[in-house]
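This is start-v3.txt. It holds compact mmCIF, C-alpha atoms.
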```
# COMPACT_ATOMS: atom_id res chain seq x y z
CA GLY A 907 -29.05 -61.24 -1.19
CA HIS A 908 -25.59 -62.20 -2.29
CA ALA A 909 -22.42 -63.21 -0.46
CA ASP A 910 -20.52 -60.10 -1.51
CA GLY A 911 -23.42 -57.96 -0.31
CA MET A 912 -23.34 -59.62 3.11
CA ASP A 913 -19.68 -58.78 3.50
CA SER A 914 -20.11 -55.13 2.48
CA TRP A 915 -23.36 -54.76 4.47
CA THR A 916 -21.94 -56.14 7.73
CA GLN A 917 -18.31 -55.00 7.27
CA MET A 918 -17.44 -58.20 9.06
CA ASP A 919 -14.40 -58.73 6.84
CA ASP A 920 -12.85 -55.58 8.30
CA LYS A 921 -13.64 -56.82 11.82
CA ALA A 922 -12.12 -60.21 10.97
CA ASP A 923 -8.89 -58.50 9.91
CA GLN A 924 -8.83 -56.38 13.08
CA ALA A 925 -9.68 -59.19 15.49
CA GLY A 926 -7.75 -61.98 13.76
CA PHE A 927 -10.47 -64.42 12.78
CA ALA A 928 -11.27 -65.99 9.43
CA MET A 929 -14.62 -65.70 7.73
CA ALA A 930 -16.32 -67.01 4.63
CA CYS A 931 -19.45 -65.70 2.89
CA PRO A 932 -20.90 -68.60 0.88
CA GLN A 933 -23.41 -67.98 -1.90
CA SER A 934 -26.77 -69.74 -2.06
CA MET A 935 -28.42 -71.25 -5.13
CA VAL A 936 -31.18 -69.84 -7.31
CA ASP A 937 -34.75 -70.94 -6.61
CA TYR A 938 -37.75 -71.50 -8.89
CA TRP A 939 -38.30 -67.74 -9.31
CA GLY A 940 -34.65 -66.93 -10.03
CA ASP A 941 -33.96 -65.51 -6.56
CA THR A 942 -30.99 -66.56 -4.47
CA GLN A 943 -32.27 -68.75 -1.67
CA TRP A 944 -31.00 -71.25 0.87
CA ASN A 945 -32.57 -74.68 1.31
CA TYR A 946 -33.73 -74.14 4.87
CA PHE A 947 -36.40 -76.22 6.69
CA TYR A 948 -38.76 -76.58 4.59
CA TYR A 949 -38.40 -74.30 1.58
CA PRO A 950 -40.17 -76.08 -1.30
CA TYR A 951 -39.63 -73.84 -4.33
CA TRP A 952 -36.80 -75.35 -6.37
CA PRO A 953 -36.79 -75.88 -10.16
CA GLY A 954 -35.45 -79.40 -9.62
CA PRO A 955 -34.15 -81.40 -6.68
CA PRO A 956 -33.39 -79.11 -3.73
CA PRO A 957 -29.71 -78.29 -3.23
CA ASP A 958 -27.81 -80.01 -0.44
CA ASP A 959 -26.89 -76.78 1.31
CA THR A 960 -26.05 -78.57 4.56
CA GLY A 961 -23.60 -80.77 2.65
CA PHE A 962 -22.19 -77.69 0.93
CA LEU A 963 -21.64 -75.92 4.26
CA GLN A 964 -20.08 -79.06 5.74
CA GLN A 965 -17.65 -79.23 2.80
CA LEU A 966 -16.87 -75.54 3.26
CA ILE A 967 -16.10 -76.11 6.95
CA ASP A 968 -13.94 -79.14 6.06
CA THR A 969 -12.04 -77.14 3.43
CA LEU A 970 -11.45 -74.29 5.84
CA GLN A 971 -10.27 -76.76 8.50
CA VAL A 972 -7.58 -77.95 6.06
CA THR A 973 -6.57 -74.56 4.66
CA VAL A 974 -7.10 -72.07 7.50
CA HIS A 975 -7.01 -74.42 10.56
CA PRO A 976 -9.61 -72.75 12.76
CA ASP A 977 -10.18 -74.05 16.27
CA PRO A 978 -12.90 -76.70 15.67
CA SER A 979 -14.62 -75.64 18.91
CA ARG A 980 -14.93 -72.07 17.60
CA VAL A 981 -16.79 -72.50 14.32
CA TYR A 982 -19.72 -70.08 14.12
CA ILE A 983 -22.40 -69.44 11.53
CA THR A 984 -24.66 -66.47 10.98
CA GLY A 985 -27.04 -65.12 8.40
CA HIS A 986 -29.70 -62.57 7.65
CA SER A 987 -33.22 -63.46 6.49
CA ALA A 988 -32.96 -66.66 4.39
CA GLY A 989 -29.33 -66.89 5.50
CA ALA A 990 -30.57 -66.85 9.09
CA PHE A 991 -33.00 -69.67 8.28
CA MET A 992 -30.07 -71.62 6.82
CA SER A 993 -27.93 -70.85 9.87
CA TYR A 994 -30.58 -72.57 11.99
CA ARG A 995 -30.61 -75.56 9.66
CA ALA A 996 -26.83 -75.80 9.68
CA ALA A 997 -26.77 -75.54 13.48
CA ILE A 998 -29.25 -78.43 13.66
CA ASP A 999 -27.78 -80.63 10.93
CA LEU A 1000 -24.15 -79.89 11.84
CA SER A 1001 -24.50 -79.43 15.60
CA SER A 1002 -21.34 -81.48 16.20
CA ARG A 1003 -19.37 -79.06 13.98
CA ILE A 1004 -20.87 -75.66 14.88
CA ALA A 1005 -20.31 -74.10 18.31
CA ALA A 1006 -22.73 -71.21 17.94
CA MET A 1007 -25.03 -69.49 15.49
CA ALA A 1008 -26.63 -66.06 15.20
CA SER A 1009 -29.87 -65.36 13.38
CA VAL A 1010 -30.76 -61.89 12.13
CA GLU A 1011 -34.41 -61.66 11.02
CA GLY A 1012 -34.86 -65.39 10.51
CA THR A 1013 -36.49 -68.33 12.21
CA ILE A 1014 -36.04 -72.06 12.56
CA PHE A 1015 -38.35 -73.16 9.74
CA GLY A 1016 -40.83 -72.00 7.15
CA THR A 1017 -43.41 -74.12 5.36
CA PRO A 1018 -46.36 -73.62 3.07
CA PHE A 1019 -49.55 -73.33 5.13
CA THR A 1020 -50.59 -76.91 4.36
CA ASP A 1021 -47.29 -78.33 5.66
CA GLN A 1022 -47.26 -78.89 9.43
CA ARG A 1023 -43.69 -80.15 9.84
CA VAL A 1024 -41.43 -78.61 12.47
CA ALA A 1025 -37.65 -78.63 12.74
CA PRO A 1026 -36.10 -82.01 13.60
CA PRO A 1027 -34.07 -82.43 16.79
CA ALA A 1028 -30.47 -81.28 16.73
CA GLY A 1029 -27.76 -83.81 17.50
CA GLY A 1030 -26.34 -81.72 20.33
CA PRO A 1031 -26.28 -78.33 22.00
CA VAL A 1032 -25.50 -75.15 20.07
CA SER A 1033 -25.25 -71.65 21.49
CA VAL A 1034 -27.78 -69.37 19.80
CA LEU A 1035 -28.21 -65.61 19.41
CA ILE A 1036 -31.59 -64.48 18.05
CA LEU A 1037 -31.90 -60.92 16.70
CA HIS A 1038 -35.36 -60.16 15.37
CA GLY A 1039 -37.39 -56.95 15.23
CA ASP A 1040 -40.99 -57.01 16.33
CA VAL A 1041 -42.25 -55.09 13.28
CA ASP A 1042 -40.83 -57.46 10.65
CA THR A 1043 -43.66 -58.04 8.16
CA ALA A 1044 -41.92 -60.75 6.12
CA VAL A 1045 -41.06 -63.06 9.03
CA PRO A 1046 -43.25 -61.87 11.91
CA TYR A 1047 -41.90 -61.80 15.44
CA CYS A 1048 -45.09 -63.51 16.50
CA GLY A 1049 -48.26 -64.43 14.69
CA ILE A 1050 -48.55 -65.73 11.15
CA SER A 1051 -47.13 -64.37 7.91
CA PRO A 1052 -49.74 -63.80 5.19
CA ASN A 1053 -47.74 -65.83 2.65
CA PHE A 1054 -46.01 -68.65 4.51
CA ARG A 1055 -46.12 -70.44 7.87
CA TYR A 1056 -43.00 -69.45 9.79
CA ALA A 1057 -42.05 -70.57 13.28
CA SER A 1058 -42.56 -67.70 15.71
CA GLN A 1059 -39.61 -66.38 17.67
CA ASP A 1060 -41.14 -67.99 20.78
CA GLN A 1061 -41.23 -71.38 19.01
CA THR A 1062 -37.65 -70.91 17.87
CA PHE A 1063 -36.50 -69.90 21.35
CA ASP A 1064 -38.37 -72.82 22.95
CA TYR A 1065 -36.82 -75.25 20.45
CA TRP A 1066 -33.27 -74.20 21.37
CA ALA A 1067 -33.98 -73.98 25.10
CA ALA A 1068 -35.22 -77.60 25.03
CA ASN A 1069 -32.40 -78.73 22.72
CA ASN A 1070 -29.75 -77.15 24.93
CA GLY A 1071 -31.28 -78.36 28.21
CA CYS A 1072 -32.17 -74.88 29.47
CA ALA A 1073 -34.91 -74.51 32.08
```
If you convert what's in this file into structure tokens, what do you get?
Amino acid sequence: GHADGMDSWTQMDDKADQAGFAMACPQSMVDYWGDTQWNYFYYPYWPGPPPDDTGFLQQLIDTLQVTVHPDPSRVYITGHSAGAFMSYRAAIDLSSRIAAMASVEGTIFGTPFTDQRVAPPAGGPVSVLILHGDVDTAVPYCGISPNFRYASQDQTFDYWAANNGCA
């Protein structure tokens, strides 16, 4: 998808105006096939070196801190599908800068079937909201996708429970 589509799809800009919070909808880069895609853990299909999307999001947060002055303890990130994957990565890589994240139809990592890596540890706790339907065929709720190895929702939940010290 595209940043402008996310805004119109969620109507979150209207909610931001009503509730008095700031929001930004960043745009991802184009992958090997010409599709917009985020560089989540461990998306391998880039025409050249993978983009530093974590660095980009950190710069965006820094810029917004200077221009909009949000409460640093109330910086949240969310995304749908690949954006949800990237929200997980940002929450892990930028755990000292992000208070909470919400994933809609995503998971913590995706790898080709021959790649057995899992997500690295986060630097600190992050509040997490996971929204995922159990009939999603692209990123299955549980089980294995026919095209890619995605972390199940149970694996994702267990990762964050352990990271955040939840029993």
Within 7 Å of A:Gly1029 using all atoms listed in the file, minus same-chain residues under 2 positions, as number ranges by chain: A: 998, 1001-1002, 1027
Residue contacts of stretch 981-983 of chain A (7 Å, all atoms listed in the file) excluding same-chain residues fewer than 6 positions away, as a ChimeraX atom specification: /A:993,1004-1008
Selected residue, from A:Thr916, A:Gln965, A:Gln943, A:Gln971, that lies nearest to A:Ser987 when counting only C-alpha atoms: A:Gln943
Counting all atoms listed in the file, the residue of A:Ala990, A:Met929, A:Leu963, A:Ala996 that sits nearest A:His975: A:Met929
Please, which residues in stretch 942-1027 of chain A fall within 8 Å of stretch 1036-1047 of chain A when counting only C-alpha atoms, and what is the closest atom pair and distance in Å to one decimal for each, ordered by chain then residue number, as a tab-separated table?
```
residue	atom	partner	partner_atom	distance
A:Ala1008	CA	A:Ile1036	CA	5.9
A:Ser1009	CA	A:Ile1036	CA	5.1
A:Val1010	CA	A:Leu1037	CA	4.8
A:Glu1011	CA	A:His1038	CA	4.7
A:Gly1012	CA	A:Val1045	CA	6.8
A:Thr1013	CA	A:Val1045	CA	7.7
```
Point-to-point distance from atom CA of A:Phe1019 to atom CA of A:Phe962, Å rounded to tenths: 28.0 Å
Residue nearest A:Arg1023 among A:Ala988, A:Ala1057, A:Thr942, A:Pro1052 (counting all atoms listed in the file):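 Closest to A:Arg1023, using all atoms listed in the file: A:Ala1057.
Of the listed residues A:Leu966, A:Ala997, A:Gln917, A:Arg1055, the one whose atoms come nearest to A:Val1034 is A:Ala997, with distances taken using all atoms listed in the file.
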Interatomic distance, atom CA of A:Tyr946 to atom CA of A:Ala922 (Å, one decimal): 26.4 Å
Counting only C-alpha atoms, the residue of A:Thr1017, A:Gln933, A:Asn1069, A:Ser1058 that sits nearest A:Pro1031: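 Under the stated criterion, the closest residue is A:Asn1069.
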Interatomic distance (Å, one decimal) between atom CA of A:Tyr949 and atom CA of A:Gly1016: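 Distance between the two atoms: 6.5 Å.
Comparing the minimum interatomic distances between A:Ala1028 and each of A:Trp1066, A:Phe991, A:Tyr948, A:Phe1015, counting all atoms listed in the file, we find that A:Trp1066 sits nearest.
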Once you add 6 Å to each side, what are the centre and edge lengths of the axis-aligned box holding all listed atoms of stretch 1017-1034 of chain A? One decimal in Å, as lines of an AutoDock Vina configuration file, if you can.
```
center_x = -37.9
center_y = -76.6
center_z = 12.5
size_x = 37.3
size_y = 26.4
size_z = 30.9
```
Spatial neighbours of stretch 951-957 of chain A, max dist 7 Å, all atoms listed in the file, sep filter under 6 positions, as a PyMOL selection string: chain A and resi 937-938+945
